[in-house]
file run_32.csv (CSV, C-alpha atoms and all ligand atoms)
chain,number,residue,atom,x,y,z
P,1,MET,CA,-33.9,6.7,26.9
P,2,THR,CA,-34.4,3.3,25.5
P,3,VAL,CA,-31.3,1.8,23.9
P,4,ARG,CA,-31.6,-1.5,22.1
P,5,GLN,CA,-28.7,-1.7,19.7
P,6,ILE,CA,-26.4,-4.4,18.6
P,7,VAL,CA,-22.9,-3.5,17.7
P,8,ARG,CA,-20.5,-5.8,15.9
P,9,VAL,CA,-16.9,-6.1,17.2
P,10,LEU,CA,-14.4,-7.9,15.1
P,11,GLY,CA,-11.1,-9.2,16.4
P,12,VAL,CA,-8.2,-9.5,14.0
P,13,GLY,CA,-4.7,-10.8,14.9
P,14,GLY,CA,-2.5,-13.4,16.6
P,15,SER,CA,0.2,-15.5,15.0
P,16,THR,CA,0.3,-18.9,13.3
P,17,ARG,CA,2.1,-20.3,16.4
P,18,PRO,CA,-0.1,-22.9,18.1
P,19,GLY,CA,-1.4,-21.4,21.2
P,20,SER,CA,-0.6,-17.8,20.1
P,21,THR,CA,-0.7,-15.6,23.1
P,22,ALA,CA,-1.8,-12.6,21.0
P,23,GLU,CA,-4.8,-14.7,19.7
P,24,GLN,CA,-5.7,-15.8,23.2
P,25,ALA,CA,-5.6,-12.2,24.4
P,26,LEU,CA,-7.9,-11.3,21.5
P,27,ARG,CA,-10.3,-14.1,22.5
P,28,ARG,CA,-10.5,-12.7,26.1
P,29,ALA,CA,-11.2,-9.2,24.8
P,30,LEU,CA,-13.9,-10.5,22.5
P,31,ALA,CA,-15.5,-12.5,25.3
P,32,GLU,CA,-15.8,-9.3,27.3
P,33,ALA,CA,-17.3,-7.5,24.3
P,34,GLU,CA,-19.8,-10.3,23.9
P,35,ARG,CA,-20.6,-10.2,27.6
P,36,LEU,CA,-21.4,-6.5,27.1
P,37,GLY,CA,-23.9,-7.3,24.4
P,38,ALA,CA,-21.8,-7.0,21.2
P,39,GLU,CA,-21.9,-9.5,18.4
P,40,VAL,CA,-18.3,-10.7,18.0
P,41,ASP,CA,-16.3,-12.4,15.3
P,42,LEU,CA,-12.6,-13.5,15.2
P,43,ILE,CA,-10.1,-13.6,12.4
P,44,GLY,CA,-7.2,-15.3,14.0
P,45,GLY,CA,-3.6,-15.9,13.0
P,46,ALA,CA,-4.2,-18.9,10.7
P,47,GLN,CA,-6.8,-17.0,8.8
P,48,LEU,CA,-4.5,-14.1,8.2
P,49,VAL,CA,-2.2,-16.1,5.9
P,50,MET,CA,-2.7,-14.4,2.5
P,51,PRO,CA,-0.5,-13.1,-0.3
P,52,ALA,CA,1.4,-9.9,0.2
P,53,TYR,CA,-1.0,-7.0,-0.5
P,54,GLU,CA,-0.6,-5.7,-4.1
P,55,PRO,CA,-2.5,-2.5,-4.9
P,56,GLY,CA,-4.8,-3.0,-7.9
P,57,ALA,CA,-4.3,-6.8,-8.0
P,58,GLY,CA,-7.7,-7.6,-6.6
P,59,MET,CA,-8.6,-9.9,-3.8
P,60,HIS,CA,-8.1,-13.4,-5.1
P,61,ALA,CA,-7.5,-15.0,-1.8
P,62,PRO,CA,-10.7,-16.0,0.0
P,63,ALA,CA,-9.0,-15.1,3.3
P,64,ALA,CA,-8.5,-11.6,2.1
P,65,ARG,CA,-12.1,-11.3,0.9
P,66,ARG,CA,-13.4,-12.5,4.2
P,67,LEU,CA,-11.2,-10.1,6.1
P,68,VAL,CA,-12.2,-7.0,4.1
P,69,ALA,CA,-15.9,-7.9,4.3
P,70,ALA,CA,-15.8,-8.4,8.0
P,71,ILE,CA,-14.0,-5.1,8.6
P,72,ALA,CA,-16.5,-3.3,6.4
P,73,ALA,CA,-19.3,-4.7,8.5
P,74,ALA,CA,-17.7,-4.0,11.9
P,75,ASP,CA,-18.7,-1.2,14.3
P,76,GLY,CA,-15.4,-1.7,16.3
P,77,VAL,CA,-12.2,-3.6,15.7
P,78,ILE,CA,-9.6,-5.1,18.0
P,79,PHE,CA,-6.2,-5.8,16.6
P,80,ALA,CA,-3.7,-8.0,18.4
P,81,SER,CA,-0.1,-8.6,17.3
P,82,PRO,CA,3.0,-10.1,18.6
P,83,ALA,CA,6.0,-7.8,18.8
P,84,TYR,CA,8.4,-8.7,16.0
P,85,HIS,CA,11.7,-6.8,15.9
P,86,GLY,CA,10.3,-3.8,17.7
P,87,SER,CA,7.0,-3.4,15.7
P,88,ILE,CA,3.9,-5.4,14.7
P,89,SER,CA,4.4,-8.7,12.8
P,90,GLY,CA,4.4,-8.7,9.0
P,91,LEU,CA,1.4,-11.1,9.1
P,92,VAL,CA,-0.8,-8.6,10.9
P,93,LYS,CA,0.5,-5.6,8.9
P,94,ASN,CA,-0.1,-7.3,5.6
P,95,ALA,CA,-3.7,-8.1,6.6
P,96,ILE,CA,-4.2,-4.5,7.6
P,97,ASP,CA,-2.8,-3.3,4.3
P,98,TYR,CA,-5.8,-5.0,2.6
P,99,ILE,CA,-8.0,-2.4,4.3
P,100,GLU,CA,-6.8,-0.2,1.3
P,101,GLU,CA,-9.6,-2.1,-0.6
P,102,LEU,CA,-12.1,-0.1,1.6
P,103,ARG,CA,-10.8,3.3,0.5
P,104,ASP,CA,-14.0,4.0,-1.6
P,105,ASP,CA,-16.4,2.3,0.9
P,106,GLU,CA,-19.2,4.4,2.4
P,107,ARG,CA,-17.2,4.2,5.6
P,108,PRO,CA,-13.6,4.4,4.1
P,109,TYR,CA,-10.9,2.4,5.8
P,110,LEU,CA,-11.6,2.3,9.6
P,111,SER,CA,-13.5,5.6,9.6
P,112,GLY,CA,-15.7,6.2,12.7
P,113,ARG,CA,-14.7,3.0,14.4
P,114,PRO,CA,-13.1,2.5,17.8
P,115,ILE,CA,-9.9,0.4,17.5
P,116,GLY,CA,-8.6,-1.6,20.4
P,117,CYS,CA,-4.9,-2.5,20.2
P,118,VAL,CA,-3.1,-5.3,22.0
P,119,THR,CA,0.5,-6.3,21.6
P,120,VAL,CA,2.5,-9.2,23.1
P,121,GLY,CA,6.3,-9.3,23.5
P,122,ASP,CA,8.9,-11.4,25.3
P,123,GLY,CA,9.2,-8.5,27.7
P,124,ARG,CA,7.7,-5.0,27.8
P,125,GLN,CA,10.0,-3.0,25.6
P,126,GLY,CA,9.0,-4.7,22.3
P,127,ALA,CA,5.4,-4.8,23.2
P,128,VAL,CA,5.3,-1.0,23.9
P,129,THR,CA,7.1,-0.1,20.6
P,130,ALA,CA,4.7,-2.5,18.8
P,131,LEU,CA,1.7,-0.9,20.5
P,132,THR,CA,2.8,2.6,19.4
P,133,ALA,CA,3.1,1.3,15.8
P,134,LEU,CA,-0.3,-0.4,15.9
P,135,ARG,CA,-2.0,2.7,17.2
P,136,GLU,CA,-0.3,4.8,14.5
P,137,VAL,CA,-1.6,2.4,11.9
P,138,ALA,CA,-5.1,2.5,13.2
P,139,HIS,CA,-5.0,6.3,13.3
P,140,ALA,CA,-3.6,6.5,9.7
P,141,LEU,CA,-6.6,4.4,8.6
P,142,ARG,CA,-9.0,7.0,10.2
P,143,GLY,CA,-9.9,4.8,13.2
P,144,TRP,CA,-10.1,5.9,16.8
P,145,PRO,CA,-7.6,4.0,19.0
P,146,THR,CA,-9.2,3.5,22.4
P,147,PRO,CA,-7.7,5.5,25.3
P,148,LEU,CA,-6.3,2.2,26.7
P,149,GLY,CA,-4.0,0.1,24.6
P,150,VAL,CA,-2.8,-3.2,26.1
P,151,THR,CA,0.8,-4.5,26.2
P,152,LEU,CA,1.4,-8.0,27.5
P,153,ASP,CA,4.6,-9.8,28.5
P,154,ARG,CA,4.4,-13.4,27.3
P,155,MET,CA,7.1,-14.4,29.8
P,156,ALA,CA,4.8,-13.4,32.6
P,157,THR,CA,1.7,-15.0,31.1
P,158,ARG,CA,-0.1,-18.0,32.5
P,159,PHE,CA,-3.7,-19.1,31.7
P,160,GLY,CA,-6.1,-20.5,34.2
P,161,PRO,CA,-8.1,-23.7,33.5
P,162,ASP,CA,-11.0,-21.7,32.0
P,163,GLY,CA,-8.8,-19.8,29.6
P,164,GLN,CA,-8.7,-16.7,31.7
P,165,TRP,CA,-5.4,-15.0,32.2
P,166,ALA,CA,-3.9,-15.9,35.6
P,167,ASP,CA,-2.5,-12.3,35.5
P,168,SER,CA,-5.4,-10.4,36.8
P,169,ARG,CA,-4.0,-7.1,35.7
P,170,ALA,CA,-3.8,-8.3,32.1
P,171,GLU,CA,-7.3,-9.7,32.3
P,172,GLN,CA,-8.6,-6.4,33.7
P,173,GLN,CA,-6.8,-4.3,31.0
P,174,LEU,CA,-8.2,-6.5,28.2
P,175,ARG,CA,-11.7,-6.1,29.7
P,176,THR,CA,-11.4,-2.4,30.1
P,177,MET,CA,-10.2,-1.9,26.5
P,178,ALA,CA,-13.0,-4.1,25.2
P,179,GLY,CA,-15.5,-2.1,27.2
P,180,GLN,CA,-14.1,1.1,25.6
P,181,VAL,CA,-14.6,-0.4,22.1
P,182,VAL,CA,-18.2,-1.4,22.8
P,183,GLU,CA,-19.0,1.9,24.5
P,184,PHE,CA,-17.7,4.0,21.7
P,185,ALA,CA,-19.5,1.9,19.1
P,186,VAL,CA,-22.8,2.1,20.9
P,187,HIS,CA,-22.6,5.8,21.4
P,188,ARG,CA,-21.6,6.4,17.8
P,189,GLY,CA,-24.5,4.3,16.7
P,190,ILE,CA,-26.9,6.3,18.9
P,191,ALA,CA,-25.5,9.6,17.6
P,192,LEU,CA,-26.0,8.5,14.0
P,193,THR,CA,-29.6,7.2,14.7
P,194,GLU,CA,-30.4,10.5,16.3
P,195,GLN,CA,-29.0,12.4,13.3
P,196,ALA,CA,-31.3,10.4,11.1
P,197,VAL,CA,-34.4,10.9,13.3
P,198,PRO,CA,-33.7,14.1,15.4
P,199,ALA,CA,-35.6,14.3,18.6
P,200,ARG,CA,-37.9,17.3,19.0
P,201,SER,CA,-36.5,19.8,21.6
P,202,GLY,CA,-37.5,18.8,25.1
P,203,GLU,CA,-38.3,15.2,24.0
P,204,THR,CA,-36.4,12.3,25.4
P,205,PRO,CA,-34.6,10.7,22.4
P,206,ARG,CA,-35.7,7.2,21.7
P,207,VAL,CA,-33.3,4.8,20.1
P,208,LEU,CA,-34.7,1.4,19.1
P,301,LIG,C1,10.6,-13.0,14.4
P,301,LIG,C2,10.4,-12.6,15.8
P,301,LIG,C3,10.7,-11.4,16.3
P,301,LIG,C4,10.5,-11.0,17.7
P,301,LIG,N1,10.9,-9.8,18.1
P,301,LIG,C5,10.6,-9.4,19.4
P,301,LIG,C6,10.9,-8.1,19.8
P,301,LIG,O1,11.4,-7.3,19.1
P,301,LIG,N2,10.6,-7.8,21.1
P,301,LIG,C7,10.0,-8.7,22.0
P,301,LIG,O2,9.7,-8.4,23.1
P,301,LIG,N3,9.7,-10.0,21.5
P,301,LIG,C8,10.0,-10.3,20.3
P,301,LIG,N4,9.6,-11.6,19.8
P,301,LIG,C9,8.9,-12.5,20.7
P,301,LIG,C10,7.4,-12.4,20.5
P,301,LIG,O3,6.9,-11.1,20.4
P,301,LIG,C11,6.6,-13.1,21.6
P,301,LIG,O4,7.1,-14.5,21.8
P,301,LIG,C12,5.1,-13.2,21.4
P,301,LIG,O5,4.5,-13.6,22.5
P,301,LIG,C13,4.7,-14.1,20.3
P,301,LIG,O6,3.3,-14.0,20.1
P,301,LIG,P1,2.4,-15.2,19.9
P,301,LIG,O7,2.4,-16.0,21.2
P,301,LIG,O8,1.0,-14.6,19.6
P,301,LIG,O9,2.9,-16.0,18.8
P,301,LIG,C14,9.9,-12.0,18.5
P,301,LIG,C15,9.5,-13.2,18.0
P,301,LIG,C16,9.8,-13.6,16.7
P,301,LIG,C17,9.4,-14.9,16.2
call {"tool": "encode", "arguments": {"input": "run_32.csv", "output": "structure tokens", "more": "lines below"}}
Ligand SMILES: Cc1cc2nc3c(=O)[nH]c(=O)nc-3n(C[C@H](O)[C@H](O)[C@H](O)COP(=O)(O)O)c2cc1C
result
Amino acid sequence: MTVRQIVRVLGVGGSTRPGSTAEQALRRALAEAERLGAEVDLIGGAQLVMPAYEPGAGMHAPAARRLVAAIAAADGVIFASPAYHGSISGLVKNAIDYIEELRDDERPYLSGRPIGCVTVGDGRQGAVTALTALREVAHALRGWPTPLGVTLDRMATRFGPDGQWADSRAEQQLRTMAGQVVEFAVHRGIALTEQAVPARSGETPRVL
């Protein structure tokens, strides 16, 4: 089987704090997705500053328009949020609420897309409860949370000179999760292509 297919993976998240740990984690995950052959794009914390989502009010903020267009075009999305008071931050949740604008899209909300989830707390407890919340949100939007979600403890975080996490377990988990996003997106793309051009029985499917 020949597979030559580009998938687009979008990273959304982080905080407006300079050096946001969640955003750095997102960058690491996207770097891995790119290494695996995906086209990647990042919408970080500063680009998530937009008015509180109001149903029916339209998308006047350029940041909101860019976000919604990028999500509509993505084959896989990775969300990263700090743990705020036991859940995801308002900044990240408000941005996610704008996905309501995709309810009538040909792929409504996050339909058919793998969703990687990363949360960062000052300790594990908040990161774990935030991860559960983030996965529930992805699920409610018809996305497919990857088998591995990643929780990170900022207090135990250090970065090497090349931006890699000195914590090799964190680095490994981010890579594994990114790999799951790319793998799902590629296989879904193949399945859809084969549906469009079904292989005759006994013939090796060709996906170009
Ligand atoms: C308003 C606020 C609420 C927070 N609540 C929690 C929490 O409930 N549990 C926790 O572990 N950390 C909590 N933190 C700490 C952040 O999750 C942690 O510092 C995180 O790394 C920040 O992410 P960032 O580096 O991407 O900004 C809170 C921080 C802020 C500012």
call {"tool": "residues_near_ligand", "arguments": {"input": "run_32.csv", "ligand": "ligand LIG 301 (chain P)", "cutoff": "7 Å", "atoms": "only C-alpha atoms and all ligand atoms", "output": "MDAnalysis selection string"}}
result
chainID P and resid 14:17 19:23 81:87 120:127 154
call {"tool": "residues_around", "arguments": {"input": "run_32.csv", "residues": "Pro55 in chain P", "least_positions_apart": "3", "cutoff": "10 Å", "atoms": "all atoms listed in the file", "output": "mmCIF file with C-alpha atoms, keeping the file's coordinate frame"}}
result
data_model
loop_
_atom_site.group_PDB
_atom_site.id
_atom_site.type_symbol
_atom_site.label_atom_id
_atom_site.label_comp_id
_atom_site.auth_asym_id
_atom_site.auth_seq_id
_atom_site.Cartn_x
_atom_site.Cartn_y
_atom_site.Cartn_z
ATOM 1 C CA ALA P 52 1.400 -9.900 0.200
ATOM 2 C CA GLY P 58 -7.700 -7.600 -6.600
ATOM 3 C CA MET P 59 -8.600 -9.900 -3.800
ATOM 4 C CA ASP P 97 -2.800 -3.300 4.300
ATOM 5 C CA TYR P 98 -5.800 -5.000 2.600
ATOM 6 C CA GLU P 100 -6.800 -0.200 1.300
ATOM 7 C CA GLU P 101 -9.600 -2.100 -0.600
#
call {"tool": "residues_around", "arguments": {"input": "run_32.csv", "residues": "Ala64 in chain P", "least_positions_apart": "3", "cutoff": "9 Å", "atoms": "only C-alpha atoms", "output": "list in words"}}
result
Gln47, Leu48, Val49, Met50, Pro51, Met59, His60, Ala61, Leu67, Val68, Ala69, Ala95 and Tyr98 of chain P
call {"tool": "write_last_selection", "arguments": {"input": "run_32.csv", "atoms": "C-alpha atoms", "output": "PDB file, keeping the file's coordinate frame"}}
result
ATOM      1  CA  GLN P  47      -6.800 -17.000   8.800  1.00  0.00           C
ATOM      2  CA  LEU P  48      -4.500 -14.100   8.200  1.00  0.00           C
ATOM      3  CA  VAL P  49      -2.200 -16.100   5.900  1.00  0.00           C
ATOM      4  CA  MET P  50      -2.700 -14.400   2.500  1.00  0.00           C
ATOM      5  CA  PRO P  51      -0.500 -13.100  -0.300  1.00  0.00           C
ATOM      6  CA  MET P  59      -8.600  -9.900  -3.800  1.00  0.00           C
ATOM      7  CA  HIS P  60      -8.100 -13.400  -5.100  1.00  0.00           C
ATOM      8  CA  ALA P  61      -7.500 -15.000  -1.800  1.00  0.00           C
ATOM      9  CA  LEU P  67     -11.200 -10.100   6.100  1.00  0.00           C
ATOM     10  CA  VAL P  68     -12.200  -7.000   4.100  1.00  0.00           C
ATOM     11  CA  ALA P  69     -15.900  -7.900   4.300  1.00  0.00           C
ATOM     12  CA  ALA P  95      -3.700  -8.100   6.600  1.00  0.00           C
ATOM     13  CA  TYR P  98      -5.800  -5.000   2.600  1.00  0.00           C
TER      14      TYR P  98
END
call {"tool": "closest_residue", "arguments": {"input": "run_32.csv", "among": "P:Met177, P:Ala170, P:Val182, P:Ile88", "to": "Leu134 in chain P", "atoms": "all atoms listed in the file"}}
result
P:Ile88
call {"tool": "atom_distance", "arguments": {"input": "run_32.csv", "atom1": "CA of Asp75 in chain P", "atom2": "CA of Val9 in chain P"}}
result
6.0 Å
call {"tool": "closest_residue", "arguments": {"input": "run_32.csv", "among": "P:Ile96, P:Arg113, P:Pro18, P:Ile78", "to": "Ala185 in chain P", "atoms": "only C-alpha atoms"}}
result
P:Arg113
call {"tool": "atom_distance", "arguments": {"input": "run_32.csv", "atom1": "CA of Ala57 in chain P", "atom2": "CA of Asp105 in chain P"}}
result
17.6 Å
call {"tool": "closest_residue", "arguments": {"input": "run_32.csv", "among": "P:Val137, P:Tyr109, P:Thr146, P:Gly44", "to": "Gly179 in chain P", "atoms": "all atoms listed in the file"}}
result
P:Thr146
call {"tool": "closest_residue", "arguments": {"input": "run_32.csv", "among": "P:Arg66, P:Arg158, P:Arg28, P:Lys93", "to": "Tyr53 in chain P", "atoms": "all atoms listed in the file"}}
result
P:Lys93
call {"tool": "build_atoms", "arguments": {"input": "run_32.csv", "residues": "range 142-159 of chain P", "atoms": "N, CA, C and O atoms", "output": "PDB file, in the coordinates of the input"}}
result
ATOM      1  N   ARG P 142      -7.798   6.159   9.801  1.00  0.00           N
ATOM      2  CA  ARG P 142      -9.000   7.000  10.200  1.00  0.00           C
ATOM      3  C   ARG P 142      -9.768   6.325  11.347  1.00  0.00           C
ATOM      4  O   ARG P 142     -10.933   6.683  11.564  1.00  0.00           O
ATOM      5  N   GLY P 143      -9.181   5.340  12.016  1.00  0.00           N
ATOM      6  CA  GLY P 143      -9.900   4.800  13.200  1.00  0.00           C
ATOM      7  C   GLY P 143      -9.562   5.570  14.422  1.00  0.00           C
ATOM      8  O   GLY P 143      -8.743   6.495  14.401  1.00  0.00           O
ATOM      9  N   TRP P 144     -10.256   5.209  15.497  1.00  0.00           N
ATOM     10  CA  TRP P 144     -10.100   5.900  16.800  1.00  0.00           C
ATOM     11  C   TRP P 144      -9.544   4.937  17.800  1.00  0.00           C
ATOM     12  O   TRP P 144     -10.311   4.189  18.432  1.00  0.00           O
ATOM     13  N   PRO P 145      -8.204   4.937  17.959  1.00  0.00           N
ATOM     14  CA  PRO P 145      -7.600   4.000  19.000  1.00  0.00           C
ATOM     15  C   PRO P 145      -8.253   4.349  20.343  1.00  0.00           C
ATOM     16  O   PRO P 145      -8.432   5.518  20.695  1.00  0.00           O
ATOM     17  N   THR P 146      -8.588   3.311  21.076  1.00  0.00           N
ATOM     18  CA  THR P 146      -9.200   3.500  22.400  1.00  0.00           C
ATOM     19  C   THR P 146      -8.183   4.167  23.341  1.00  0.00           C
ATOM     20  O   THR P 146      -6.977   4.024  23.150  1.00  0.00           O
ATOM     21  N   PRO P 147      -8.676   4.842  24.371  1.00  0.00           N
ATOM     22  CA  PRO P 147      -7.700   5.500  25.300  1.00  0.00           C
ATOM     23  C   PRO P 147      -6.746   4.426  25.878  1.00  0.00           C
ATOM     24  O   PRO P 147      -5.566   4.715  26.017  1.00  0.00           O
ATOM     25  N   LEU P 148      -7.230   3.228  26.188  1.00  0.00           N
ATOM     26  CA  LEU P 148      -6.300   2.200  26.700  1.00  0.00           C
ATOM     27  C   LEU P 148      -5.879   1.242  25.642  1.00  0.00           C
ATOM     28  O   LEU P 148      -6.700   0.604  24.983  1.00  0.00           O
ATOM     29  N   GLY P 149      -4.578   1.157  25.437  1.00  0.00           N
ATOM     30  CA  GLY P 149      -4.000   0.100  24.600  1.00  0.00           C
ATOM     31  C   GLY P 149      -3.368  -0.900  25.604  1.00  0.00           C
ATOM     32  O   GLY P 149      -2.984  -0.526  26.707  1.00  0.00           O
ATOM     33  N   VAL P 150      -3.254  -2.173  25.193  1.00  0.00           N
ATOM     34  CA  VAL P 150      -2.800  -3.200  26.100  1.00  0.00           C
ATOM     35  C   VAL P 150      -1.484  -3.815  25.661  1.00  0.00           C
ATOM     36  O   VAL P 150      -1.393  -4.292  24.534  1.00  0.00           O
ATOM     37  N   THR P 151      -0.469  -3.796  26.520  1.00  0.00           N
ATOM     38  CA  THR P 151       0.800  -4.500  26.200  1.00  0.00           C
ATOM     39  C   THR P 151       0.898  -5.680  27.197  1.00  0.00           C
ATOM     40  O   THR P 151       0.620  -5.548  28.391  1.00  0.00           O
ATOM     41  N   LEU P 152       1.290  -6.822  26.666  1.00  0.00           N
ATOM     42  CA  LEU P 152       1.400  -8.000  27.500  1.00  0.00           C
ATOM     43  C   LEU P 152       2.797  -8.622  27.369  1.00  0.00           C
ATOM     44  O   LEU P 152       3.404  -8.589  26.290  1.00  0.00           O
ATOM     45  N   ASP P 153       3.269  -9.175  28.450  1.00  0.00           N
ATOM     46  CA  ASP P 153       4.600  -9.800  28.500  1.00  0.00           C
ATOM     47  C   ASP P 153       4.358 -11.330  28.516  1.00  0.00           C
ATOM     48  O   ASP P 153       3.851 -11.869  29.502  1.00  0.00           O
ATOM     49  N   ARG P 154       4.721 -11.991  27.407  1.00  0.00           N
ATOM     50  CA  ARG P 154       4.400 -13.400  27.300  1.00  0.00           C
ATOM     51  C   ARG P 154       5.156 -14.209  28.425  1.00  0.00           C
ATOM     52  O   ARG P 154       4.660 -15.225  28.911  1.00  0.00           O
ATOM     53  N   MET P 155       6.338 -13.720  28.809  1.00  0.00           N
ATOM     54  CA  MET P 155       7.100 -14.400  29.800  1.00  0.00           C
ATOM     55  C   MET P 155       6.392 -14.456  31.179  1.00  0.00           C
ATOM     56  O   MET P 155       6.666 -15.315  32.015  1.00  0.00           O
ATOM     57  N   ALA P 156       5.495 -13.479  31.360  1.00  0.00           N
ATOM     58  CA  ALA P 156       4.800 -13.400  32.600  1.00  0.00           C
ATOM     59  C   ALA P 156       3.362 -13.905  32.527  1.00  0.00           C
ATOM     60  O   ALA P 156       2.532 -13.660  33.396  1.00  0.00           O
ATOM     61  N   THR P 157       3.089 -14.625  31.417  1.00  0.00           N
ATOM     62  CA  THR P 157       1.700 -15.000  31.100  1.00  0.00           C
ATOM     63  C   THR P 157       1.416 -16.458  31.515  1.00  0.00           C
ATOM     64  O   THR P 157       2.164 -17.356  31.151  1.00  0.00           O
ATOM     65  N   ARG P 158       0.353 -16.634  32.228  1.00  0.00           N
ATOM     66  CA  ARG P 158      -0.100 -18.000  32.500  1.00  0.00           C
ATOM     67  C   ARG P 158      -1.655 -17.956  32.311  1.00  0.00           C
ATOM     68  O   ARG P 158      -2.292 -16.931  32.547  1.00  0.00           O
ATOM     69  N   PHE P 159      -2.208 -19.073  31.916  1.00  0.00           N
ATOM     70  CA  PHE P 159      -3.700 -19.100  31.700  1.00  0.00           C
ATOM     71  C   PHE P 159      -4.259 -20.049  32.786  1.00  0.00           C
ATOM     72  O   PHE P 159      -3.693 -21.101  33.106  1.00  0.00           O
TER      73      PHE P 159
END
